[in-house]
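The data block below is upload.tsv; it holds TSV, C-alpha atoms.
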```
chain	number	residue	atom	x	y	z
A	195	MET	CA	25.46	-6.33	-53.98
A	196	LEU	CA	24.27	-2.75	-53.57
A	197	PRO	CA	23.08	-2.69	-49.93
A	198	TYR	CA	19.80	-1.15	-48.80
A	199	GLY	CA	21.66	0.72	-46.05
A	200	ARG	CA	25.29	1.48	-45.32
A	201	HIS	CA	27.31	3.47	-42.79
A	202	SER	CA	29.31	6.53	-43.85
A	203	ILE	CA	32.75	6.69	-42.22
A	204	ALA	CA	35.06	9.63	-42.92
A	205	GLU	CA	38.66	10.19	-41.91
A	206	SER	CA	37.42	12.53	-39.17
A	207	ASP	CA	35.52	9.60	-37.64
A	208	VAL	CA	38.63	7.40	-37.72
A	209	GLU	CA	40.76	10.10	-36.13
A	210	ALA	CA	38.18	10.68	-33.37
A	211	VAL	CA	38.30	7.00	-32.41
A	212	ALA	CA	42.10	6.85	-32.66
A	213	GLU	CA	42.42	9.84	-30.34
A	214	VAL	CA	40.49	7.98	-27.64
A	215	LEU	CA	42.57	4.84	-28.17
A	216	ARG	CA	45.69	6.92	-27.60
A	217	GLY	CA	44.26	8.44	-24.41
A	218	ASP	CA	43.59	7.32	-20.85
A	219	TRP	CA	39.86	6.50	-21.02
A	220	LEU	CA	38.36	3.70	-23.06
A	221	THR	CA	35.06	3.77	-21.16
A	222	THR	CA	33.21	5.89	-18.55
A	223	GLY	CA	35.37	8.84	-19.57
A	224	PRO	CA	34.98	12.33	-21.06
A	225	ALA	CA	33.90	11.20	-24.55
A	226	VAL	CA	30.70	9.78	-23.04
A	227	ALA	CA	29.68	13.12	-21.56
A	228	LEU	CA	30.65	14.91	-24.78
A	229	PHE	CA	28.54	12.55	-26.88
A	230	GLU	CA	25.52	12.95	-24.61
A	231	ALA	CA	25.91	16.75	-24.71
A	232	GLU	CA	26.20	16.73	-28.52
A	233	LEU	CA	23.10	14.54	-28.79
A	234	THR	CA	21.20	16.89	-26.48
A	235	ARG	CA	21.71	19.65	-29.06
A	236	TRP	CA	19.56	17.57	-31.45
A	237	THR	CA	16.79	16.88	-28.92
A	238	GLY	CA	15.97	20.51	-28.20
A	239	GLY	CA	17.86	20.45	-24.92
A	240	VAL	CA	16.30	17.26	-23.52
A	241	PRO	CA	19.14	15.45	-21.67
A	242	CYS	CA	20.30	12.07	-22.94
A	243	VAL	CA	21.71	8.86	-21.49
A	244	SER	CA	23.89	6.84	-23.89
A	245	VAL	CA	23.55	3.04	-23.93
A	246	THR	CA	24.89	0.07	-25.83
A	247	SER	CA	22.13	-0.34	-28.45
A	248	GLY	CA	18.70	0.77	-29.55
A	249	THR	CA	17.31	-2.32	-27.85
A	250	ALA	CA	19.05	-1.36	-24.62
A	251	ALA	CA	17.58	2.13	-24.98
A	252	LEU	CA	14.06	0.69	-25.08
A	253	HIS	CA	14.77	-1.54	-22.08
A	254	VAL	CA	16.14	1.44	-20.13
A	255	ALA	CA	13.22	3.67	-21.13
A	256	TYR	CA	10.60	1.14	-20.03
A	257	ALA	CA	12.43	0.63	-16.75
A	258	ALA	CA	12.59	4.40	-16.22
A	259	ALA	CA	8.84	4.60	-16.91
A	260	GLY	CA	8.15	2.05	-14.19
A	261	VAL	CA	7.08	-0.83	-16.45
A	262	ARG	CA	6.83	-4.06	-14.47
A	263	ALA	CA	4.71	-7.20	-14.19
A	264	GLY	CA	1.03	-6.38	-14.54
A	265	ALA	CA	1.56	-3.19	-16.55
A	266	GLU	CA	0.32	-2.78	-20.11
A	267	VAL	CA	2.24	-1.18	-22.97
A	268	VAL	CA	0.38	-0.10	-26.11
A	269	THR	CA	2.51	0.09	-29.24
A	270	SER	CA	2.70	-0.47	-32.99
A	271	PRO	CA	3.31	-3.90	-34.53
A	272	LEU	CA	5.06	-2.37	-37.56
A	273	THR	CA	8.49	-2.22	-35.96
A	274	PHE	CA	11.51	-4.29	-35.12
A	275	VAL	CA	10.57	-6.83	-32.46
A	276	ALA	CA	12.65	-5.10	-29.76
A	277	THR	CA	10.03	-2.36	-29.32
A	278	ALA	CA	7.70	-4.96	-27.83
A	279	ALA	CA	10.16	-7.55	-26.58
A	280	THR	CA	11.88	-5.24	-24.10
A	281	ALA	CA	8.53	-4.40	-22.49
A	282	ALA	CA	7.61	-8.10	-22.32
A	283	LEU	CA	10.96	-8.89	-20.68
A	284	LEU	CA	9.99	-6.54	-17.84
A	285	GLY	CA	6.76	-8.49	-17.37
A	286	ALA	CA	4.40	-6.17	-19.20
A	287	ARG	CA	1.50	-7.22	-21.37
A	288	VAL	CA	1.98	-5.71	-24.83
A	289	LEU	CA	-1.11	-4.53	-26.71
A	290	PHE	CA	-0.65	-3.93	-30.44
A	291	ALA	CA	-2.66	-1.10	-31.97
A	292	ASP	CA	-3.08	-0.79	-35.73
A	293	VAL	CA	-1.25	1.71	-37.91
A	294	GLN	CA	-2.17	4.50	-40.27
A	295	PRO	CA	-2.38	2.99	-43.76
A	296	ASP	CA	-0.25	5.67	-45.45
A	297	THR	CA	2.63	6.38	-43.04
A	298	GLY	CA	2.69	3.04	-41.21
A	299	ASN	CA	2.81	4.93	-37.92
A	300	LEU	CA	0.74	4.15	-34.83
A	301	ASP	CA	-2.89	5.23	-35.23
A	302	PRO	CA	-3.93	7.37	-32.22
A	303	ASP	CA	-7.56	6.22	-32.36
A	304	ALA	CA	-6.53	2.56	-32.47
A	305	ALA	CA	-4.17	3.13	-29.55
A	306	GLU	CA	-6.84	4.84	-27.46
A	307	ALA	CA	-9.23	1.94	-28.03
A	308	LEU	CA	-6.76	-0.35	-26.22
A	309	VAL	CA	-6.09	1.86	-23.21
A	310	THR	CA	-7.12	0.43	-19.84
A	311	PRO	CA	-6.46	1.46	-16.20
A	312	ARG	CA	-3.35	-0.76	-16.37
A	313	THR	CA	-1.81	1.14	-19.31
A	314	ARG	CA	1.58	2.36	-18.16
A	315	VAL	CA	3.21	3.33	-21.46
A	316	LEU	CA	2.16	4.30	-24.98
A	317	THR	CA	5.03	3.76	-27.44
A	318	ALA	CA	5.02	5.41	-30.85
A	319	VAL	CA	7.40	4.31	-33.61
A	320	ASP	CA	8.69	6.84	-36.15
A	321	TYR	CA	8.50	4.41	-39.04
A	322	ALA	CA	11.14	4.97	-41.77
A	323	GLY	CA	12.08	8.31	-40.13
A	324	HIS	CA	8.64	9.94	-40.44
A	325	PRO	CA	7.56	11.19	-36.98
A	326	ALA	CA	4.34	9.77	-35.58
A	327	ASP	CA	1.39	12.08	-34.79
A	328	TYR	CA	2.70	13.09	-31.38
A	329	ASP	CA	0.11	15.72	-30.48
A	330	GLU	CA	-2.73	13.23	-30.81
A	331	LEU	CA	-0.72	10.48	-29.08
A	332	ARG	CA	0.18	12.87	-26.27
A	333	ALA	CA	-3.53	13.50	-25.68
A	334	VAL	CA	-4.18	9.75	-25.52
A	335	ALA	CA	-1.30	9.19	-23.10
A	336	ASP	CA	-2.33	12.08	-20.87
A	337	ARG	CA	-5.92	10.89	-20.64
A	338	ALA	CA	-4.62	7.46	-19.65
A	339	GLY	CA	-2.10	8.82	-17.16
A	340	ALA	CA	0.57	6.96	-19.14
A	341	THR	CA	4.14	7.77	-20.16
A	342	LEU	CA	4.57	8.58	-23.85
A	343	VAL	CA	7.63	6.88	-25.34
A	344	GLY	CA	8.93	7.66	-28.82
A	345	ASP	CA	10.88	4.88	-30.54
A	346	ALA	CA	13.00	7.14	-32.72
A	347	ALA	CA	15.43	4.47	-33.91
A	348	HIS	CA	14.74	5.67	-37.46
A	349	SER	CA	14.24	9.39	-36.96
A	350	ILE	CA	17.14	11.24	-35.35
A	351	GLY	CA	17.18	14.76	-36.79
A	352	SER	CA	13.51	14.68	-37.79
A	353	VAL	CA	11.20	17.60	-37.02
A	354	TYR	CA	7.49	17.55	-36.14
A	355	LYS	CA	5.59	20.86	-36.16
A	356	ASP	CA	8.86	22.77	-35.71
A	357	ARG	CA	9.91	20.61	-32.74
A	358	PRO	CA	12.76	18.08	-32.91
A	359	VAL	CA	12.34	14.40	-32.29
A	360	GLY	CA	13.58	13.90	-28.76
A	361	ALA	CA	11.44	16.76	-27.43
A	362	LEU	CA	8.06	15.25	-28.38
A	363	ALA	CA	7.66	12.34	-25.94
A	364	ASP	CA	8.40	11.87	-22.25
A	365	LEU	CA	11.12	9.37	-23.18
A	366	THR	CA	12.67	8.99	-26.62
A	367	THR	CA	14.94	6.16	-27.72
A	368	PHE	CA	17.58	6.26	-30.45
A	369	SER	CA	19.57	3.60	-32.29
A	370	PHE	CA	23.04	4.03	-33.76
A	371	PHE	CA	23.33	0.75	-35.67
A	372	PRO	CA	25.45	1.05	-38.86
A	373	THR	CA	22.45	1.31	-41.21
A	374	LYS	CA	20.95	4.19	-39.19
A	375	THR	CA	21.51	7.85	-40.05
A	376	VAL	CA	24.19	8.21	-37.35
A	377	THR	CA	26.27	5.26	-36.16
A	378	THR	CA	28.43	4.33	-33.18
A	379	ALA	CA	28.82	0.79	-34.63
A	380	GLU	CA	26.48	-0.45	-31.92
A	381	GLY	CA	24.80	1.98	-29.57
A	382	GLY	CA	21.71	3.86	-28.55
A	383	ALA	CA	20.45	6.58	-26.23
A	384	VAL	CA	17.46	7.64	-24.18
A	385	ALA	CA	16.28	11.26	-24.03
A	386	ALA	CA	14.34	11.91	-20.82
A	387	ALA	CA	12.42	15.14	-20.24
A	388	ASP	CA	11.53	14.39	-16.61
A	389	PRO	CA	14.49	14.62	-14.16
A	390	ALA	CA	13.27	11.64	-12.13
A	391	GLN	CA	12.98	9.44	-15.22
A	392	TYR	CA	16.38	10.66	-16.40
A	393	GLU	CA	17.91	9.64	-13.07
A	394	ARG	CA	16.27	6.21	-13.21
A	395	ALA	CA	17.53	5.72	-16.77
A	396	ALA	CA	21.08	6.75	-15.86
A	397	ARG	CA	21.12	4.37	-12.90
A	398	PHE	CA	19.59	1.44	-14.78
A	399	ARG	CA	22.28	1.59	-17.49
A	400	ASN	CA	24.96	1.39	-14.75
A	401	HIS	CA	23.84	-1.62	-12.67
A	402	GLY	CA	21.54	0.57	-10.57
A	403	LEU	CA	24.56	1.85	-8.64
A	404	VAL	CA	24.11	4.90	-6.40
A	405	ARG	CA	26.94	6.84	-4.74
A	406	GLN	CA	25.48	8.28	-1.54
A	407	PRO	CA	26.59	11.60	-0.01
A	408	ALA	CA	28.83	11.19	3.03
A	409	GLU	CA	26.11	12.11	5.48
A	410	GLN	CA	23.81	9.37	4.14
A	411	ARG	CA	26.34	6.51	4.20
A	412	ASP	CA	26.51	3.83	6.84
A	413	PRO	CA	29.13	4.65	9.49
A	414	GLY	CA	32.53	3.38	8.48
A	415	GLU	CA	31.92	3.55	4.73
A	416	GLY	CA	34.21	5.84	2.73
A	417	GLY	CA	34.23	7.56	-0.64
A	418	TRP	CA	34.51	4.20	-2.39
A	419	HIS	CA	31.02	3.20	-1.31
A	420	GLN	CA	28.32	2.53	-3.91
A	421	GLU	CA	25.07	0.64	-3.41
A	422	VAL	CA	22.18	-0.67	-5.47
A	423	HIS	CA	18.65	0.47	-4.62
A	424	ALA	CA	17.02	-1.10	-7.70
A	425	PHE	CA	18.49	-3.62	-10.10
A	426	GLY	CA	20.01	-2.41	-13.35
A	427	LEU	CA	22.35	-3.69	-16.07
A	428	ASN	CA	25.64	-2.72	-17.65
A	429	TYR	CA	24.44	-0.82	-20.72
A	430	ARG	CA	27.31	1.71	-20.70
A	431	LEU	CA	28.45	2.90	-24.14
A	432	PRO	CA	32.29	3.16	-24.09
A	433	ASP	CA	34.32	6.25	-24.94
A	434	VAL	CA	35.66	4.64	-28.12
A	435	LEU	CA	32.16	4.41	-29.61
A	436	CYS	CA	31.01	7.72	-28.12
A	437	ALA	CA	33.91	9.45	-29.89
A	438	LEU	CA	32.67	8.00	-33.17
A	439	GLY	CA	29.19	9.21	-32.25
A	440	VAL	CA	30.35	12.77	-31.61
A	441	SER	CA	32.05	12.89	-35.00
A	442	GLN	CA	28.99	11.41	-36.70
A	443	LEU	CA	26.57	13.84	-35.02
A	444	ARG	CA	28.63	16.72	-36.36
A	445	ARG	CA	27.93	15.33	-39.84
A	446	LEU	CA	24.23	14.68	-39.22
A	447	GLU	CA	22.97	17.73	-41.10
A	448	GLY	CA	24.80	16.59	-44.22
A	449	PHE	CA	23.53	13.04	-43.83
A	450	ARG	CA	19.98	14.31	-43.49
A	451	GLU	CA	20.24	16.59	-46.52
A	452	ARG	CA	21.62	13.85	-48.78
A	453	ARG	CA	18.94	11.39	-47.69
A	454	ALA	CA	16.29	14.04	-48.43
A	455	GLU	CA	17.79	14.59	-51.91
A	456	LEU	CA	17.70	10.87	-52.64
A	457	VAL	CA	14.10	10.58	-51.43
A	458	ALA	CA	13.08	13.50	-53.65
A	459	ARG	CA	14.79	11.84	-56.64
A	460	TYR	CA	13.05	8.53	-55.92
A	461	ASN	CA	9.71	10.33	-55.70
A	462	THR	CA	10.25	11.94	-59.08
A	463	LEU	CA	11.69	8.93	-60.88
A	464	LEU	CA	9.15	6.41	-59.54
A	465	ARG	CA	5.93	8.44	-59.59
A	466	ASP	CA	4.68	6.93	-62.86
A	467	VAL	CA	5.78	3.34	-62.28
A	468	PRO	CA	2.67	1.13	-62.23
A	469	GLY	CA	1.79	-1.03	-59.26
A	470	LEU	CA	3.82	1.05	-56.81
A	471	THR	CA	2.78	3.21	-53.84
A	472	LEU	CA	5.38	5.74	-52.69
A	473	PRO	CA	5.90	6.76	-49.04
A	474	ALA	CA	3.62	9.42	-47.61
A	475	GLN	CA	4.78	12.59	-45.88
A	476	ARG	CA	2.67	14.85	-43.68
A	477	ALA	CA	2.89	18.57	-44.44
A	478	TYR	CA	3.90	19.38	-40.85
A	479	VAL	CA	6.91	17.06	-40.59
A	480	ARG	CA	10.47	17.14	-41.90
A	481	PRO	CA	11.61	13.52	-41.83
A	482	SER	CA	15.18	12.44	-41.50
A	483	TRP	CA	14.57	9.44	-43.74
A	484	HIS	CA	16.11	6.17	-42.61
A	485	LEU	CA	14.21	3.98	-45.09
A	486	TYR	CA	12.60	4.55	-48.46
A	487	PRO	CA	9.60	2.19	-48.09
A	488	VAL	CA	7.57	1.59	-51.23
A	489	ARG	CA	4.55	-0.68	-51.42
A	490	VAL	CA	4.41	-3.18	-54.27
A	491	ARG	CA	0.78	-3.87	-55.11
A	492	ASP	CA	-1.00	-6.74	-56.87
A	493	GLY	CA	0.74	-9.47	-54.88
A	494	ARG	CA	4.08	-8.94	-56.61
A	495	ARG	CA	6.25	-8.02	-53.60
A	496	ARG	CA	8.03	-11.38	-53.35
A	497	GLU	CA	8.70	-11.49	-57.09
A	498	VAL	CA	10.12	-7.96	-57.04
A	499	TYR	CA	12.22	-8.72	-53.95
A	500	GLU	CA	13.77	-11.82	-55.50
A	501	ARG	CA	14.39	-10.26	-58.91
A	502	MET	CA	15.92	-7.10	-57.45
A	503	ARG	CA	18.30	-9.12	-55.28
A	504	ALA	CA	19.15	-11.37	-58.21
A	505	ALA	CA	20.11	-8.17	-60.05
A	506	GLY	CA	22.50	-7.24	-57.23
A	507	ILE	CA	20.27	-4.70	-55.52
A	508	GLY	CA	19.85	-5.30	-51.79
A	509	VAL	CA	16.22	-4.44	-51.12
A	510	GLN	CA	14.77	-5.35	-47.72
A	511	VAL	CA	11.40	-5.85	-46.01
A	512	ASN	CA	10.67	-3.86	-42.82
A	513	TYR	CA	8.98	-5.40	-40.80
A	514	LEU	CA	7.15	-8.60	-40.02
A	515	PRO	CA	4.41	-7.43	-37.61
A	516	ALA	CA	5.90	-8.02	-34.17
A	517	TYR	CA	3.13	-10.29	-32.91
A	518	ARG	CA	3.70	-12.69	-35.79
A	519	HIS	CA	7.06	-13.78	-34.38
A	520	PRO	CA	6.68	-17.25	-32.86
A	521	VAL	CA	7.60	-15.99	-29.39
A	522	PHE	CA	4.44	-13.85	-29.39
A	523	ALA	CA	2.38	-16.68	-30.86
A	524	ASP	CA	3.47	-18.70	-27.83
A	525	LEU	CA	1.96	-15.94	-25.68
A	526	GLY	CA	-1.39	-16.20	-27.45
A	527	TYR	CA	-1.11	-13.50	-30.13
A	528	ARG	CA	-2.58	-14.40	-33.53
A	529	ARG	CA	-2.47	-13.17	-37.13
A	530	GLY	CA	-5.14	-10.69	-38.13
A	531	LEU	CA	-4.78	-8.65	-34.96
A	532	CYS	CA	-3.92	-5.43	-36.87
A	533	PRO	CA	-5.25	-5.68	-40.44
A	534	ARG	CA	-3.76	-2.41	-41.69
A	535	ALA	CA	-0.30	-3.30	-40.39
A	536	GLU	CA	-0.54	-6.72	-42.03
A	537	ALA	CA	-1.65	-5.15	-45.33
A	538	TYR	CA	1.27	-2.72	-45.15
A	539	TYR	CA	3.73	-5.54	-44.43
A	540	ALA	CA	2.38	-7.65	-47.31
A	541	GLU	CA	3.39	-4.95	-49.81
A	542	GLN	CA	6.36	-3.17	-48.15
A	543	LEU	CA	9.81	-3.07	-49.75
A	544	SER	CA	12.73	-0.85	-48.70
A	545	LEU	CA	14.90	0.46	-51.53
A	546	PRO	CA	18.57	1.36	-51.01
A	547	LEU	CA	18.98	4.64	-49.13
A	548	PHE	CA	22.22	5.91	-47.55
A	549	PRO	CA	24.33	9.08	-47.97
A	550	GLY	CA	26.97	7.35	-50.10
A	551	LEU	CA	24.39	6.17	-52.66
A	552	SER	CA	25.28	7.92	-55.92
A	553	ASP	CA	22.78	9.23	-58.45
A	554	VAL	CA	24.08	6.64	-60.92
A	555	GLN	CA	23.47	3.82	-58.44
A	556	GLN	CA	20.03	5.18	-57.65
A	557	ASP	CA	19.20	5.34	-61.36
A	558	ARG	CA	20.14	1.66	-61.59
A	559	VAL	CA	17.75	0.84	-58.73
A	560	VAL	CA	14.92	2.76	-60.42
A	561	GLU	CA	15.55	1.30	-63.87
A	562	THR	CA	15.67	-2.26	-62.52
A	563	LEU	CA	12.48	-1.83	-60.48
A	564	ALA	CA	10.62	-0.13	-63.29
A	565	GLY	CA	11.72	-2.83	-65.68
A	566	ILE	CA	10.28	-5.52	-63.45
A	567	LEU	CA	6.96	-3.76	-62.88
A	568	THR	CA	6.39	-2.69	-66.46
```

For the structure just supplied, provide its representation as structure tokens.
Amino acid sequence: MLPYGRHSIAESDVEAVAEVLRGDWLTTGPAVALFEAELTRWTGGVPCVSVTSGTAALHVAYAAAGVRAGAEVVTSPLTFVATAATAALLGARVLFADVQPDTGNLDPDAAEALVTPRTRVLTAVDYAGHPADYDELRAVADRAGATLVGDAAHSIGSVYKDRPVGALADLTTFSFFPTKTVTTAEGGAVAAADPAQYERAARFRNHGLVRQPAEQRDPGEGGWHQEVHAFGLNYRLPDVLCALGVSQLRRLEGFRERRAELVARYNTLLRDVPGLTLPAQRAYVRPSWHLYPVRVRDGRRREVYERMRAAGIGVQVNYLPAYRHPVFADLGYRRGLCPRAEAYYAEQLSLPLFPGLSDVQQDRVVETLAGILT
């Protein structure tokens, strides 16, 4: 089976991990700081906190933004469920705004229509690696007095109006799952522009522990003393995985270039295939493509999905609108809430895209798909 996504591990990655295994620190050591510094180079200097997954990154970001019971979070339904679930776990009410019909990204006008005095966070999702319209979303968030969060699980290395993803929102979350552009096996990170939010994020990922200066400690407490001012969790990413991340980040430019080449080839080879809509790209963005999402029209998506997989080609569907998961139905959400997102989902199909995909393999994908649709 040709997968729709696959990690790319080189000997340099293996050696980076082995070096840590031969050293003194498996976790909370120097590789963590090095990984966060290397990631900060890709966020335009916005400091980063590494965590154990993209889901953990969202949880940490919402906590850093002050999301709690009674708050409202406005976001896109066209995303993995974690974008909404982590806000709900903190007690927030999630409001789903519809998407732009071409990019699948959060529509700023739809988001603004849902803003209320209780809106604490507006979360954009860079669907497939194409950055959302951050200038317009920033204006909506500022008018609402809300924190702008960018779910950049798909888009590390992407550029929007000459600014890197990571420098566009107040808080930006990354995922390093194996199918993503950069992997740490499991892992994620939060980029935080505001020092206070950065500090809250760093504490939350480490149980909320604070080491007080000597003059602020209770009498009799020594240098060992740590205390918790607000609850957190253990979301620390260990040195072993951070070492892999450092090595991967140093290959990111090559990953991005190869993905762009494959997307350009798909665009050329598929442009005349009937019944197919190819992914859109705004003139002012340079995506770091994570997915190649086509739309199969005329109600044929399921047929194409099944026939492609029967032919050994691992296509995928990304994503069921978040509010259609039964857990959200139990909270009162219903189908039809975001018609454009549902229309997008009904046709969406992700074709294989990863740096190791050869031109020959890609030609096979195109020929099989074209054969089905013609």

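Between atom CA of A:Ser544 and atom CA of A:Gly448 lies a distance of 21.7 Å.
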
Would you kindly return, as a PyMOL selection string, each protein, DNA or RNA residue with an atom no farther than 8 Å from any atom of A:Tyr538, considering all atoms listed in the file and excluding same-chain residues fewer than 6 positions away?
chain A and resi 295+298+489

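Between A:Asp388 and the candidates A:Cys436, A:Pro241, A:Phe370, A:Ala305, the tightest atom-to-atom separation, counting only C-alpha atoms, involves A:Pro241.
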
Skip stretch 371-377 of chain A itself and residues of its chain fewer than 6 positions away, then list as an MDAnalysis selection string all residues within 6 Å of it, counting only C-alpha atoms.
chainID A and resid 199:201 442

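Of the listed residues (A:Pro413, A:Pro533, A:Gly469, A:Gly439), A:Gly439 comes nearest to A:Ser206; the distances count all atoms listed in the file.
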
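Excluding A:His348 and any residue on its chain fewer than 2 positions from it, the residues at most 8 Å away by all atoms listed in the file are Asp320, Tyr321, Ala322, Gly323, Asp345, Ala346, Ile350, Phe368, Ser369, Lys374, Thr375, Ser482, Trp483, His484 and Leu485 of chain A.
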
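The coordinates place atom CA of A:Val384 at 22.4 Å from atom CA of A:Phe290.
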